[in-house]
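Reviewing the structure listed below.
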Amino acid sequence: MPKTLNEFPRLGLAHLPTPLVEMHRLREALRAQDGRDVPRLFIKRDDCTGLATGGNKTRKLEYLLGEALAQGCNTVVTTGALQSNHARQTAAAAAAAGLSCILVLFDSVPYAGRAYRKSGNLLLDRILGAEVRVEPADADAGHVFGELFKEIESNGGKSYFVPVGGSSPTGSLGYARAYLELADQAQALDFRKTVLVHASSSGGTQAGLVAGAQLRGSGPAVAGINVYRQDTAAMAEGIHALACKTAALLDASTPPAGSIDLDGDYLGEGYGLPTPGMREAVELVARTEGVLLDPVYTGKGMAGLIGQIMSGKYAEMEAAIFLHTGGMPGLFAYEEEFAPR
Ligand SMILES: Cc1ncc(COP(=O)(O)O)c(C=O)c1O
């Protein structure tokens with residue numbers, strides 16, 4: 001039986017609505033670089049969701065931990081790479097909800113920076129009281145989780161598993177809700193033709209936004225920048241499937257097949273591996289707007305938005321909105337990338 005967004009169990013964790021702020025100085029800098037007309041630029045500050053340095057996962061965790069509590073679970077288990085922002089926000093959300101948290105982090109990113117395996121999100125996970133278990137990249141995940149769930153049960157616990165990135169239909173409800181919030185903000189500015197650009201990885205953010213767009217029927221177009229997989233077409237299919245499931249939960253119309261806008265040109269060598277465009281975007285936005293992006297997601301996402309603007313993709317748009325999905329602690333894990341040159 002479909003429900004409305006207010007009927008699913010939801011734990012209030014985020015500071016909402018997040019601000020939508022115009023980036024005048026970034027627009028001027030881009031104009032000066034290229035002489036090209038640049039649409040008005042805005043940033044939707046989901047890095048300001050408020051939970052342990054914020055980020056997009058907080059909105060998903062409102063629904064995920066709402067479900068965990070409704071099911072009477074006492075231990076949250078999730079997974080990701082060593083510098084997972086999702087893991088850090090899950091640790092914080094579990095702490096705020098009074099639940100135990102176990103993070104199974106795979107050492108899967110071949111990045112050799114000196115702080116990568118101890119600072120950034122990993123440091124915060126530990127401060128937030130999560131139990132961190134590091135596994136090698138080639139560990140058998142099925143076995144690892146099977147043993148862990150048995151262990152929790154034999155200690156009298158009841159586990160709630162949050163998939164990578166919180167990207168289940170339940171988690172994506174957070175971004176269907178975010179779409180409605182943003183569409184209201186865009187409408188208040190009288191915008192009719194806008195695009196929302198963001199970094200896309202496990203896909204729940206984009207899937208939720210697309211489901212939200214189906215629910216509302218009008219508002220900004222949604223465009224993802226792939227920061228995750230070499231196979232962009234397969235990733236877009238996965239996002240479409242998740243968007244369909246999320247829309248179905250809300251009784252919204254099904255997003256058309258082939259409608260996921262996902263750009264694979266800004267990933268570089270792979271997930272978590274720096275690119276020159278990422279470095280330039282992080283420094284440019286920091287120095288024009290005083291806003292900190294991150295090396296894994298939003299830096300590549302912003303490099304994508306800038307590249308798309310320069311290619312003329314948004315010439316018809318009244319405004320382009322960048323969704324800042326957070327990730328700032330990752331800067332500390334990639335300190336060499338921003339050393340004086
Ligand atoms: C800072 C940041 N931005 C974007 C994303 C991508 O969101 P999703 O996994 O929902 O595609 C993530 C995911 O971990 C993230 O941490």
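Ordered as shown in the structure tokens, chains take letters A, B, and onward, while each chain numbers its residues from 1 and ligands are numbered from 1 in the order shown.
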(Q) What does the list of residues within 10 Å of ligand 1 look like if you count only C-alpha atoms and all ligand atoms, written as a ChimeraX atom specification? (A) /A:46-47,54-57,60,80-81,83-89,164-168,171-172,175,198-209,224-228,239,293-301,323-330
Q.
Set the distance at 12 Å and use only C-alpha atoms: which residues neighbour Ile127 in chain A once local chain neighbours fewer than 5 positions away are removed? I'd like the list as an MDAnalysis selection string.
A. chainID A and resid 52 88 91:92 95 119:122 132
Q: Any chance you could list, as number ranges by chain, the residues in range 128-196 of chain A that come up alpha helix (DSSP H) when DSSP is run on the backbone?
A: A: 141-154, 169-188
Go ahead and save the picked residues with C-alpha atoms, as a compact mmCIF listing (two decimals), in the first residue's frame.
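Below you can see out-v1.txt, which holds the result:
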```
# COMPACT_ATOMS: atom_id res chain seq x y z
CA ALA A 141 31.77 -9.74 1.88
CA GLY A 142 29.08 -12.44 2.12
CA HIS A 143 31.16 -14.35 4.65
CA VAL A 144 32.17 -11.23 6.62
CA PHE A 145 28.56 -10.07 7.03
CA GLY A 146 27.21 -13.57 7.66
CA GLU A 147 29.64 -13.99 10.59
CA LEU A 148 28.96 -10.50 11.88
CA PHE A 149 25.17 -10.93 11.95
CA LYS A 150 25.59 -14.27 13.80
CA GLU A 151 27.90 -12.58 16.31
CA ILE A 152 25.43 -9.73 16.97
CA GLU A 153 22.57 -12.19 17.40
CA SER A 154 24.53 -14.46 19.74
CA PRO A 169 14.23 2.56 -1.63
CA THR A 170 13.74 3.52 2.05
CA GLY A 171 16.94 5.60 2.08
CA SER A 172 16.06 7.26 -1.22
CA LEU A 173 12.85 8.60 0.31
CA GLY A 174 15.11 11.21 1.94
CA TYR A 175 16.00 12.59 -1.48
CA ALA A 176 12.45 12.43 -2.81
CA ARG A 177 11.67 14.70 0.14
CA ALA A 178 14.72 16.87 -0.64
CA TYR A 179 13.49 17.33 -4.22
CA LEU A 180 10.20 18.75 -2.98
CA GLU A 181 12.09 21.11 -0.66
CA LEU A 182 14.33 22.31 -3.48
CA ALA A 183 11.49 22.63 -6.01
CA ASP A 184 9.68 24.93 -3.56
CA GLN A 185 12.82 27.05 -3.19
CA ALA A 186 13.26 27.25 -6.99
CA GLN A 187 9.60 28.17 -7.40
CA ALA A 188 9.93 30.96 -4.83
```
Q) Near range 210-222 of chain A, counting only C-alpha atoms, which residues have an atom at most 7 Å away, once you skip same-chain residues fewer than 5 positions from it, shown as a PyMOL selection string? A) chain A and resi 176-177+179-180+183+193-197+243+246-247+252-253+255+261
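Once Ala286 in chain A and its same-chain neighbours fewer than 5 positions away are set aside, Met23, Arg25, Leu26, Arg279, Glu280, Ala281, Val291, Leu292, Leu293, Asp294, Gly299, Met302, Met328 and Phe338 of chain A remain within 12 Å of it when counting only C-alpha atoms.
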For the residues in the current selection, export all heavy atoms as a short mmCIF file (atom, residue, chain, number, x, y, z; two decimals), in the first residue's frame.
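Result file result-v9.cif:
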```
data_model
loop_
_atom_site.label_atom_id
_atom_site.label_comp_id
_atom_site.auth_asym_id
_atom_site.auth_seq_id
_atom_site.Cartn_x
_atom_site.Cartn_y
_atom_site.Cartn_z
N MET A 23 25.79 31.76 -6.20
CA MET A 23 27.27 31.81 -6.27
C MET A 23 27.66 32.86 -7.31
O MET A 23 28.05 32.53 -8.44
CB MET A 23 27.83 30.43 -6.63
CG MET A 23 27.52 29.36 -5.58
SD MET A 23 28.44 27.83 -5.82
CE MET A 23 27.56 27.12 -7.23
N ARG A 25 30.24 35.00 -7.31
CA ARG A 25 31.67 35.14 -7.63
C ARG A 25 32.18 33.96 -8.47
O ARG A 25 33.04 34.12 -9.31
CB ARG A 25 32.49 35.33 -6.35
CG ARG A 25 32.37 36.78 -5.83
CD ARG A 25 33.14 37.05 -4.57
NE ARG A 25 34.40 36.36 -4.46
CZ ARG A 25 35.55 36.74 -5.05
NH1 ARG A 25 35.58 37.83 -5.79
NH2 ARG A 25 36.64 36.05 -4.88
N LEU A 26 31.63 32.79 -8.24
CA LEU A 26 32.03 31.65 -9.10
C LEU A 26 31.57 31.92 -10.53
O LEU A 26 32.32 31.69 -11.49
CB LEU A 26 31.41 30.35 -8.57
CG LEU A 26 31.71 29.13 -9.43
CD1 LEU A 26 33.22 28.85 -9.51
CD2 LEU A 26 30.98 27.88 -8.91
N ARG A 279 40.81 18.89 -8.35
CA ARG A 279 41.64 19.83 -7.57
C ARG A 279 41.30 21.28 -7.93
O ARG A 279 41.13 22.12 -7.07
CB ARG A 279 43.12 19.59 -7.87
CG ARG A 279 43.71 18.52 -7.00
CD ARG A 279 45.21 18.38 -7.28
NE ARG A 279 45.48 16.96 -7.39
CZ ARG A 279 45.77 16.31 -8.49
NH1 ARG A 279 45.88 16.94 -9.64
NH2 ARG A 279 45.97 15.01 -8.47
N GLU A 280 41.19 21.54 -9.24
CA GLU A 280 40.88 22.91 -9.68
C GLU A 280 39.53 23.35 -9.15
O GLU A 280 39.37 24.48 -8.69
CB GLU A 280 40.85 22.99 -11.21
CG GLU A 280 42.21 23.15 -11.82
CD GLU A 280 42.17 22.91 -13.33
OE1 GLU A 280 41.15 23.22 -13.97
OE2 GLU A 280 43.18 22.38 -13.84
N ALA A 281 38.54 22.46 -9.22
CA ALA A 281 37.18 22.83 -8.78
C ALA A 281 37.15 23.09 -7.28
O ALA A 281 36.55 24.07 -6.82
CB ALA A 281 36.20 21.72 -9.16
N VAL A 291 33.48 28.12 0.11
CA VAL A 291 32.77 26.85 0.36
C VAL A 291 33.74 25.69 0.12
O VAL A 291 34.42 25.65 -0.91
CB VAL A 291 31.55 26.72 -0.59
CG1 VAL A 291 30.94 25.32 -0.52
CG2 VAL A 291 30.49 27.77 -0.24
N LEU A 292 33.78 24.76 1.06
CA LEU A 292 34.68 23.61 0.92
C LEU A 292 33.95 22.43 0.29
O LEU A 292 32.94 21.95 0.82
CB LEU A 292 35.22 23.20 2.30
CG LEU A 292 36.14 24.24 2.95
CD1 LEU A 292 36.43 23.87 4.40
CD2 LEU A 292 37.44 24.39 2.16
N LEU A 293 34.48 21.98 -0.83
CA LEU A 293 33.98 20.74 -1.46
C LEU A 293 34.84 19.59 -0.94
O LEU A 293 35.57 19.73 0.02
CB LEU A 293 34.06 20.85 -2.99
CG LEU A 293 33.29 22.02 -3.60
CD1 LEU A 293 33.52 22.09 -5.11
CD2 LEU A 293 31.78 21.90 -3.32
N ASP A 294 34.78 18.43 -1.61
CA ASP A 294 35.58 17.28 -1.15
C ASP A 294 36.26 16.61 -2.34
O ASP A 294 35.85 16.82 -3.48
CB ASP A 294 34.70 16.27 -0.38
CG ASP A 294 34.01 15.31 -1.31
OD1 ASP A 294 33.02 15.69 -1.97
OD2 ASP A 294 34.49 14.15 -1.45
N GLY A 299 34.01 17.50 -5.43
CA GLY A 299 35.03 18.12 -6.27
C GLY A 299 34.88 17.66 -7.72
O GLY A 299 34.91 18.46 -8.66
N MET A 302 31.55 19.07 -9.09
CA MET A 302 31.66 20.48 -9.52
C MET A 302 32.48 20.59 -10.79
O MET A 302 32.18 21.40 -11.68
CB MET A 302 32.28 21.31 -8.38
CG MET A 302 32.44 22.78 -8.69
SD MET A 302 30.90 23.65 -9.11
CE MET A 302 30.24 23.99 -7.47
N MET A 328 33.35 17.08 3.30
CA MET A 328 34.53 17.90 3.63
C MET A 328 35.61 17.16 4.44
O MET A 328 36.81 17.38 4.18
CB MET A 328 34.04 19.17 4.35
CG MET A 328 35.10 20.18 4.66
SD MET A 328 35.98 19.78 6.16
CE MET A 328 34.79 20.23 7.40
N PHE A 338 46.44 19.01 -2.07
CA PHE A 338 46.25 20.46 -1.96
C PHE A 338 47.49 21.14 -1.38
O PHE A 338 47.42 22.25 -0.88
CB PHE A 338 44.99 20.76 -1.13
CG PHE A 338 43.79 20.06 -1.71
CD1 PHE A 338 43.34 18.85 -1.18
CD2 PHE A 338 43.17 20.56 -2.84
CE1 PHE A 338 42.27 18.18 -1.74
CE2 PHE A 338 42.10 19.90 -3.42
CZ PHE A 338 41.65 18.71 -2.88
#
```
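Relative to CA of Glu131 in chain A, CA of Leu69 in chain A is found at 19.5 Å.
Considering only C-alpha atoms, the residue among A:Arg27, A:Asp138, A:Lys44, A:Ser159 positioned nearest to Ala68 in chain A is A:Ser159.
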Check range 13-227 of chain A with DSSP on the backbone and list each residue it calls strand (DSSP E), as a PDB file with N, CA, C and O atoms, in the first residue's frame.
```pdb
ATOM      1  N   LEU A  20      19.558  27.578  -0.020  1.00  0.00           N
ATOM      2  CA  LEU A  20      19.881  27.644  -1.457  1.00  0.00           C
ATOM      3  C   LEU A  20      20.511  29.017  -1.667  1.00  0.00           C
ATOM      4  O   LEU A  20      19.868  30.036  -1.439  1.00  0.00           O
ATOM      5  N   VAL A  21      21.781  29.023  -2.064  1.00  0.00           N
ATOM      6  CA  VAL A  21      22.564  30.265  -2.048  1.00  0.00           C
ATOM      7  C   VAL A  21      23.108  30.543  -3.444  1.00  0.00           C
ATOM      8  O   VAL A  21      23.600  29.622  -4.116  1.00  0.00           O
ATOM      9  N   GLU A  22      23.058  31.802  -3.874  1.00  0.00           N
ATOM     10  CA  GLU A  22      23.595  32.136  -5.202  1.00  0.00           C
ATOM     11  C   GLU A  22      25.119  32.247  -5.147  1.00  0.00           C
ATOM     12  O   GLU A  22      25.687  32.760  -4.177  1.00  0.00           O
ATOM     13  N   ARG A  40      22.865  31.727 -14.173  1.00  0.00           N
ATOM     14  CA  ARG A  40      22.993  32.002 -12.739  1.00  0.00           C
ATOM     15  C   ARG A  40      23.315  30.686 -12.027  1.00  0.00           C
ATOM     16  O   ARG A  40      22.781  29.626 -12.393  1.00  0.00           O
ATOM     17  N   LEU A  41      24.200  30.753 -11.048  1.00  0.00           N
ATOM     18  CA  LEU A  41      24.640  29.541 -10.349  1.00  0.00           C
ATOM     19  C   LEU A  41      24.194  29.591  -8.892  1.00  0.00           C
ATOM     20  O   LEU A  41      24.360  30.619  -8.226  1.00  0.00           O
ATOM     21  N   PHE A  42      23.665  28.479  -8.424  1.00  0.00           N
ATOM     22  CA  PHE A  42      23.242  28.375  -7.029  1.00  0.00           C
ATOM     23  C   PHE A  42      23.851  27.118  -6.414  1.00  0.00           C
ATOM     24  O   PHE A  42      24.221  26.183  -7.138  1.00  0.00           O
ATOM     25  N   ILE A  43      23.907  27.107  -5.101  1.00  0.00           N
ATOM     26  CA  ILE A  43      24.371  25.903  -4.402  1.00  0.00           C
ATOM     27  C   ILE A  43      23.355  25.552  -3.321  1.00  0.00           C
ATOM     28  O   ILE A  43      22.932  26.413  -2.548  1.00  0.00           O
ATOM     29  N   LYS A  44      22.922  24.299  -3.339  1.00  0.00           N
ATOM     30  CA  LYS A  44      21.977  23.800  -2.330  1.00  0.00           C
ATOM     31  C   LYS A  44      22.830  23.139  -1.261  1.00  0.00           C
ATOM     32  O   LYS A  44      23.501  22.129  -1.518  1.00  0.00           O
ATOM     33  N   ARG A  45      22.802  23.703  -0.036  1.00  0.00           N
ATOM     34  CA  ARG A  45      23.813  23.370   0.960  1.00  0.00           C
ATOM     35  C   ARG A  45      23.446  22.138   1.799  1.00  0.00           C
ATOM     36  O   ARG A  45      23.283  22.227   3.001  1.00  0.00           O
ATOM     37  N   THR A  75      21.386  -2.416  16.857  1.00  0.00           N
ATOM     38  CA  THR A  75      22.744  -2.314  16.304  1.00  0.00           C
ATOM     39  C   THR A  75      22.662  -2.025  14.807  1.00  0.00           C
ATOM     40  O   THR A  75      22.075  -2.801  14.048  1.00  0.00           O
ATOM     41  N   VAL A  76      23.258  -0.911  14.401  1.00  0.00           N
ATOM     42  CA  VAL A  76      23.263  -0.541  12.985  1.00  0.00           C
ATOM     43  C   VAL A  76      24.585  -1.000  12.388  1.00  0.00           C
ATOM     44  O   VAL A  76      25.649  -0.740  12.949  1.00  0.00           O
ATOM     45  N   VAL A  77      24.480  -1.682  11.261  1.00  0.00           N
ATOM     46  CA  VAL A  77      25.683  -2.150  10.552  1.00  0.00           C
ATOM     47  C   VAL A  77      25.682  -1.514   9.173  1.00  0.00           C
ATOM     48  O   VAL A  77      24.649  -1.520   8.485  1.00  0.00           O
ATOM     49  N   THR A  78      26.807  -0.929   8.790  1.00  0.00           N
ATOM     50  CA  THR A  78      26.897  -0.486   7.400  1.00  0.00           C
ATOM     51  C   THR A  78      28.321  -0.663   6.889  1.00  0.00           C
ATOM     52  O   THR A  78      29.208  -1.124   7.616  1.00  0.00           O
ATOM     53  N   THR A  79      28.510  -0.305   5.641  1.00  0.00           N
ATOM     54  CA  THR A  79      29.778  -0.599   4.977  1.00  0.00           C
ATOM     55  C   THR A  79      30.105   0.480   3.953  1.00  0.00           C
ATOM     56  O   THR A  79      29.259   1.286   3.584  1.00  0.00           O
ATOM     57  N   GLY A  80      31.362   0.478   3.517  1.00  0.00           N
ATOM     58  CA  GLY A  80      31.821   1.446   2.522  1.00  0.00           C
ATOM     59  C   GLY A  80      33.327   1.377   2.438  1.00  0.00           C
ATOM     60  O   GLY A  80      33.954   0.464   2.980  1.00  0.00           O
ATOM     61  N   ALA A  81      33.896   2.375   1.761  1.00  0.00           N
ATOM     62  CA  ALA A  81      35.356   2.464   1.686  1.00  0.00           C
ATOM     63  C   ALA A  81      35.880   3.105   2.976  1.00  0.00           C
ATOM     64  O   ALA A  81      35.105   3.591   3.797  1.00  0.00           O
ATOM     65  N   SER A 100      23.901   1.098  18.845  1.00  0.00           N
ATOM     66  CA  SER A 100      25.294   0.732  18.584  1.00  0.00           C
ATOM     67  C   SER A 100      25.531   0.777  17.077  1.00  0.00           C
ATOM     68  O   SER A 100      24.595   0.593  16.290  1.00  0.00           O
ATOM     69  N   CYS A 101      26.791   0.953  16.699  1.00  0.00           N
ATOM     70  CA  CYS A 101      27.092   1.036  15.262  1.00  0.00           C
ATOM     71  C   CYS A 101      28.370   0.259  14.963  1.00  0.00           C
ATOM     72  O   CYS A 101      29.394   0.466  15.622  1.00  0.00           O
ATOM     73  N   ILE A 102      28.294  -0.622  13.982  1.00  0.00           N
ATOM     74  CA  ILE A 102      29.487  -1.343  13.512  1.00  0.00           C
ATOM     75  C   ILE A 102      29.700  -0.986  12.046  1.00  0.00           C
ATOM     76  O   ILE A 102      28.787  -1.127  11.218  1.00  0.00           O
ATOM     77  N   LEU A 103      30.891  -0.509  11.739  1.00  0.00           N
ATOM     78  CA  LEU A 103      31.229  -0.127  10.367  1.00  0.00           C
ATOM     79  C   LEU A 103      32.213  -1.146   9.803  1.00  0.00           C
ATOM     80  O   LEU A 103      33.291  -1.341  10.381  1.00  0.00           O
ATOM     81  N   VAL A 104      31.845  -1.787   8.707  1.00  0.00           N
ATOM     82  CA  VAL A 104      32.754  -2.715   8.032  1.00  0.00           C
ATOM     83  C   VAL A 104      33.304  -1.971   6.822  1.00  0.00           C
ATOM     84  O   VAL A 104      32.589  -1.736   5.840  1.00  0.00           O
ATOM     85  N   LEU A 105      34.561  -1.555   6.918  1.00  0.00           N
ATOM     86  CA  LEU A 105      35.134  -0.691   5.877  1.00  0.00           C
ATOM     87  C   LEU A 105      36.160  -1.477   5.062  1.00  0.00           C
ATOM     88  O   LEU A 105      37.077  -2.084   5.627  1.00  0.00           O
ATOM     89  N   PHE A 106      35.993  -1.460   3.753  1.00  0.00           N
ATOM     90  CA  PHE A 106      36.883  -2.214   2.864  1.00  0.00           C
ATOM     91  C   PHE A 106      38.000  -1.289   2.368  1.00  0.00           C
ATOM     92  O   PHE A 106      37.729  -0.172   1.904  1.00  0.00           O
ATOM     93  N   ASP A 107      39.210  -1.782   2.456  1.00  0.00           N
ATOM     94  CA  ASP A 107      40.383  -1.000   2.037  1.00  0.00           C
ATOM     95  C   ASP A 107      40.521  -1.140   0.515  1.00  0.00           C
ATOM     96  O   ASP A 107      41.459  -1.748   0.003  1.00  0.00           O
ATOM     97  N   GLU A 131      32.195   1.026  16.185  1.00  0.00           N
ATOM     98  CA  GLU A 131      33.222  -0.014  16.134  1.00  0.00           C
ATOM     99  C   GLU A 131      33.633  -0.145  14.672  1.00  0.00           C
ATOM    100  O   GLU A 131      32.794  -0.440  13.813  1.00  0.00           O
ATOM    101  N   VAL A 132      34.896   0.098  14.374  1.00  0.00           N
ATOM    102  CA  VAL A 132      35.359   0.080  12.984  1.00  0.00           C
ATOM    103  C   VAL A 132      36.103  -1.220  12.724  1.00  0.00           C
ATOM    104  O   VAL A 132      37.061  -1.538  13.426  1.00  0.00           O
ATOM    105  N   ARG A 133      35.651  -1.974  11.717  1.00  0.00           N
ATOM    106  CA  ARG A 133      36.354  -3.208  11.327  1.00  0.00           C
ATOM    107  C   ARG A 133      36.840  -3.022   9.892  1.00  0.00           C
ATOM    108  O   ARG A 133      36.026  -2.849   8.981  1.00  0.00           O
ATOM    109  N   VAL A 134      38.144  -3.059   9.729  1.00  0.00           N
ATOM    110  CA  VAL A 134      38.707  -2.854   8.393  1.00  0.00           C
ATOM    111  C   VAL A 134      38.954  -4.211   7.741  1.00  0.00           C
ATOM    112  O   VAL A 134      39.520  -5.116   8.362  1.00  0.00           O
ATOM    113  N   GLU A 135      38.507  -4.345   6.497  1.00  0.00           N
ATOM    114  CA  GLU A 135      38.681  -5.596   5.738  1.00  0.00           C
ATOM    115  C   GLU A 135      39.512  -5.300   4.487  1.00  0.00           C
ATOM    116  O   GLU A 135      39.389  -4.216   3.901  1.00  0.00           O
ATOM    117  N   PRO A 136      40.309  -6.276   4.040  1.00  0.00           N
ATOM    118  CA  PRO A 136      41.042  -6.061   2.784  1.00  0.00           C
ATOM    119  C   PRO A 136      40.071  -5.973   1.602  1.00  0.00           C
ATOM    120  O   PRO A 136      38.939  -6.454   1.681  1.00  0.00           O
ATOM    121  N   SER A 159      20.218  -6.651  14.608  1.00  0.00           N
ATOM    122  CA  SER A 159      20.925  -5.752  13.699  1.00  0.00           C
ATOM    123  C   SER A 159      19.996  -5.157  12.646  1.00  0.00           C
ATOM    124  O   SER A 159      19.001  -5.764  12.245  1.00  0.00           O
ATOM    125  N   TYR A 160      20.363  -3.968  12.206  1.00  0.00           N
ATOM    126  CA  TYR A 160      19.712  -3.319  11.070  1.00  0.00           C
ATOM    127  C   TYR A 160      20.818  -3.005  10.085  1.00  0.00           C
ATOM    128  O   TYR A 160      21.766  -2.279  10.401  1.00  0.00           O
ATOM    129  N   PHE A 161      20.722  -3.579   8.873  1.00  0.00           N
ATOM    130  CA  PHE A 161      21.781  -3.395   7.879  1.00  0.00           C
ATOM    131  C   PHE A 161      21.424  -2.239   6.939  1.00  0.00           C
ATOM    132  O   PHE A 161      20.352  -2.237   6.333  1.00  0.00           O
ATOM    133  N   VAL A 162      22.326  -1.297   6.834  1.00  0.00           N
ATOM    134  CA  VAL A 162      22.158  -0.176   5.896  1.00  0.00           C
ATOM    135  C   VAL A 162      23.078  -0.454   4.704  1.00  0.00           C
ATOM    136  O   VAL A 162      24.295  -0.556   4.878  1.00  0.00           O
ATOM    137  N   THR A 194      15.405  25.061 -14.738  1.00  0.00           N
ATOM    138  CA  THR A 194      16.644  24.937 -13.967  1.00  0.00           C
ATOM    139  C   THR A 194      17.104  23.483 -13.988  1.00  0.00           C
ATOM    140  O   THR A 194      16.321  22.571 -14.288  1.00  0.00           O
ATOM    141  N   VAL A 195      18.366  23.314 -13.646  1.00  0.00           N
ATOM    142  CA  VAL A 195      18.896  21.955 -13.542  1.00  0.00           C
ATOM    143  C   VAL A 195      19.608  21.825 -12.196  1.00  0.00           C
ATOM    144  O   VAL A 195      20.216  22.776 -11.711  1.00  0.00           O
ATOM    145  N   LEU A 196      19.484  20.647 -11.603  1.00  0.00           N
ATOM    146  CA  LEU A 196      20.169  20.345 -10.343  1.00  0.00           C
ATOM    147  C   LEU A 196      21.265  19.333 -10.671  1.00  0.00           C
ATOM    148  O   LEU A 196      20.969  18.228 -11.136  1.00  0.00           O
ATOM    149  N   VAL A 197      22.515  19.713 -10.445  1.00  0.00           N
ATOM    150  CA  VAL A 197      23.649  18.840 -10.791  1.00  0.00           C
ATOM    151  C   VAL A 197      24.297  18.355  -9.488  1.00  0.00           C
ATOM    152  O   VAL A 197      24.475  19.131  -8.553  1.00  0.00           O
ATOM    153  N   HIS A 198      24.662  17.053  -9.459  1.00  0.00           N
ATOM    154  CA  HIS A 198      25.245  16.523  -8.217  1.00  0.00           C
ATOM    155  C   HIS A 198      26.114  15.310  -8.515  1.00  0.00           C
ATOM    156  O   HIS A 198      25.956  14.649  -9.544  1.00  0.00           O
ATOM    157  N   ALA A 199      26.990  15.002  -7.571  1.00  0.00           N
ATOM    158  CA  ALA A 199      27.828  13.800  -7.682  1.00  0.00           C
ATOM    159  C   ALA A 199      26.977  12.573  -7.383  1.00  0.00           C
ATOM    160  O   ALA A 199      26.212  12.552  -6.414  1.00  0.00           O
ATOM    161  N   SER A 200      27.128  11.541  -8.201  1.00  0.00           N
ATOM    162  CA  SER A 200      26.332  10.324  -8.049  1.00  0.00           C
ATOM    163  C   SER A 200      27.266   9.132  -7.859  1.00  0.00           C
ATOM    164  O   SER A 200      28.255   8.984  -8.573  1.00  0.00           O
ATOM    165  N   ALA A 221      15.390  19.913 -13.551  1.00  0.00           N
ATOM    166  CA  ALA A 221      15.871  18.641 -14.127  1.00  0.00           C
ATOM    167  C   ALA A 221      16.971  18.116 -13.203  1.00  0.00           C
ATOM    168  O   ALA A 221      17.602  18.885 -12.477  1.00  0.00           O
ATOM    169  N   VAL A 222      17.191  16.808 -13.227  1.00  0.00           N
ATOM    170  CA  VAL A 222      18.196  16.198 -12.333  1.00  0.00           C
ATOM    171  C   VAL A 222      19.326  15.617 -13.187  1.00  0.00           C
ATOM    172  O   VAL A 222      19.065  14.818 -14.089  1.00  0.00           O
ATOM    173  N   ALA A 223      20.566  16.021 -12.903  1.00  0.00           N
ATOM    174  CA  ALA A 223      21.709  15.536 -13.682  1.00  0.00           C
ATOM    175  C   ALA A 223      22.807  15.053 -12.742  1.00  0.00           C
ATOM    176  O   ALA A 223      23.290  15.817 -11.901  1.00  0.00           O
ATOM    177  N   GLY A 224      23.186  13.793 -12.870  1.00  0.00           N
ATOM    178  CA  GLY A 224      24.235  13.228 -12.023  1.00  0.00           C
ATOM    179  C   GLY A 224      25.578  13.251 -12.723  1.00  0.00           C
ATOM    180  O   GLY A 224      25.672  13.123 -13.950  1.00  0.00           O
ATOM    181  N   ILE A 225      26.622  13.407 -11.931  1.00  0.00           N
ATOM    182  CA  ILE A 225      27.994  13.237 -12.420  1.00  0.00           C
ATOM    183  C   ILE A 225      28.502  11.949 -11.777  1.00  0.00           C
ATOM    184  O   ILE A 225      28.564  11.833 -10.544  1.00  0.00           O
ATOM    185  N   ASN A 226      28.869  10.993 -12.612  1.00  0.00           N
ATOM    186  CA  ASN A 226      29.327   9.688 -12.119  1.00  0.00           C
ATOM    187  C   ASN A 226      30.715   9.827 -11.486  1.00  0.00           C
ATOM    188  O   ASN A 226      31.674  10.181 -12.174  1.00  0.00           O
TER     189      ASN A 226
END
```
